[in-house]
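A short write-up of the structure that comes next.
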Amino acid sequence: MTKPSASKFNPYNIARGQVWSDDFGPVRVMAFADHYVMARYQGRRPFVTRDNDFVKRFPKQECP
């Protein structure tokens with residue numbers, strides 16, 4: 001997987017397969033399109049949120 005470059009369509013460099021985390025654990029990005037992120041915690045159902053809200057909620061990023 002290549003590392004995405006920042007653009008006006010993806011300013012936060014969010015890509016499929018990346019792992020972000022918060023206090024509840026790691027979150028894997030399933031898809032990114034039109035400033036929306038589909039992600040899920042392991043063993044949980046997916047959720048969809050705006051990219052700027054996703055970055056605010058999951059400030060830390062882990063290496064996949």
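All residue names refer to the structure tokens as shown: chains lettered A, B, ... in order, residues numbered from 1 in each chain, ligands numbered from 1 in order.
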
Find the spatial neighbours of range 28-37 of chain A, counting only C-alpha atoms, within a cut-off of 10 Å - ignore same-chain residues fewer than 6 positions away - and output them as a count of residues only. 25

Would you give me, as a CSV table (one decimal) with N, CA and C atoms, in the first residue's frame, the residues in chain A that DSSP reads as strand (DSSP E or B)?
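File written: result.csv
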chain,number,residue,atom,x,y,z
A,19,VAL,N,-4.4,2.2,10.9
A,19,VAL,CA,-4.9,1.9,12.3
A,19,VAL,C,-4.7,3.1,13.1
A,20,TRP,N,-5.8,3.7,13.7
A,20,TRP,CA,-5.8,4.8,14.6
A,20,TRP,C,-6.2,4.3,15.9
A,21,SER,N,-6.0,5.1,17.0
A,21,SER,CA,-6.5,4.5,18.3
A,21,SER,C,-7.0,5.7,19.2
A,22,ASP,N,-7.8,5.3,20.1
A,22,ASP,CA,-8.3,6.2,21.2
A,22,ASP,C,-8.3,5.4,22.5
A,25,GLY,N,-9.3,1.6,22.2
A,25,GLY,CA,-8.5,0.7,21.5
A,25,GLY,C,-8.3,1.1,20.0
A,26,PRO,N,-7.7,0.2,19.2
A,26,PRO,CA,-7.4,0.5,17.8
A,26,PRO,C,-8.6,0.5,17.0
A,27,VAL,N,-8.6,1.4,15.9
A,27,VAL,CA,-9.7,1.5,15.0
A,27,VAL,C,-9.1,1.4,13.6
A,28,ARG,N,-9.6,0.4,12.8
A,28,ARG,CA,-9.1,0.3,11.4
A,28,ARG,C,-10.0,1.0,10.4
A,29,VAL,N,-9.3,1.7,9.5
A,29,VAL,CA,-10.0,2.5,8.5
A,29,VAL,C,-10.4,1.5,7.4
A,30,MET,N,-11.7,1.4,7.1
A,30,MET,CA,-12.2,0.5,6.0
A,30,MET,C,-12.3,1.1,4.7
A,31,ALA,N,-12.7,2.4,4.7
A,31,ALA,CA,-12.8,3.2,3.4
A,31,ALA,C,-12.8,4.7,3.7
A,32,PHE,N,-12.4,5.4,2.7
A,32,PHE,CA,-12.4,6.9,2.8
A,32,PHE,C,-12.9,7.4,1.4
A,33,ALA,N,-14.0,8.3,1.5
A,33,ALA,CA,-14.5,8.9,0.3
A,33,ALA,C,-15.3,10.2,0.6
A,36,TYR,N,-15.6,11.5,4.1
A,36,TYR,CA,-16.2,10.6,5.1
A,36,TYR,C,-15.3,9.4,5.3
A,37,VAL,N,-15.2,8.9,6.5
A,37,VAL,CA,-14.4,7.7,6.9
A,37,VAL,C,-15.3,6.6,7.4
A,38,MET,N,-15.1,5.4,6.9
A,38,MET,CA,-15.8,4.3,7.4
A,38,MET,C,-14.7,3.5,8.2
A,39,ALA,N,-14.9,3.2,9.5
A,39,ALA,CA,-14.0,2.6,10.3
A,39,ALA,C,-14.7,1.6,11.3
A,40,ARG,N,-13.9,0.8,11.9
A,40,ARG,CA,-14.5,-0.1,12.9
A,40,ARG,C,-13.4,-0.5,14.0
A,41,TYR,N,-13.9,-0.7,15.2
A,41,TYR,CA,-13.1,-1.3,16.2
A,41,TYR,C,-13.2,-2.8,15.9
A,47,PHE,N,-18.7,2.1,11.6
A,47,PHE,CA,-19.3,3.4,11.7
A,47,PHE,C,-18.8,4.4,10.7
A,48,VAL,N,-19.6,5.4,10.4
A,48,VAL,CA,-19.2,6.4,9.4
A,48,VAL,C,-19.2,7.8,10.1
A,49,THR,N,-18.1,8.6,9.8
A,49,THR,CA,-18.0,9.9,10.4
A,49,THR,C,-17.2,10.8,9.4
A,50,ARG,N,-17.4,12.1,9.6
A,50,ARG,CA,-16.6,13.1,8.8
A,50,ARG,C,-15.1,13.0,9.1
A,60,LYS,N,-4.2,9.9,17.9
A,60,LYS,CA,-3.0,9.2,17.8
A,60,LYS,C,-3.1,8.2,16.6
A,61,GLN,N,-2.0,8.0,15.9
A,61,GLN,CA,-2.0,7.0,14.8
A,61,GLN,C,-0.9,6.0,15.1
A,62,GLU,N,-1.2,4.7,14.9
A,62,GLU,CA,-0.2,3.7,15.0
A,62,GLU,C,0.3,3.2,13.7
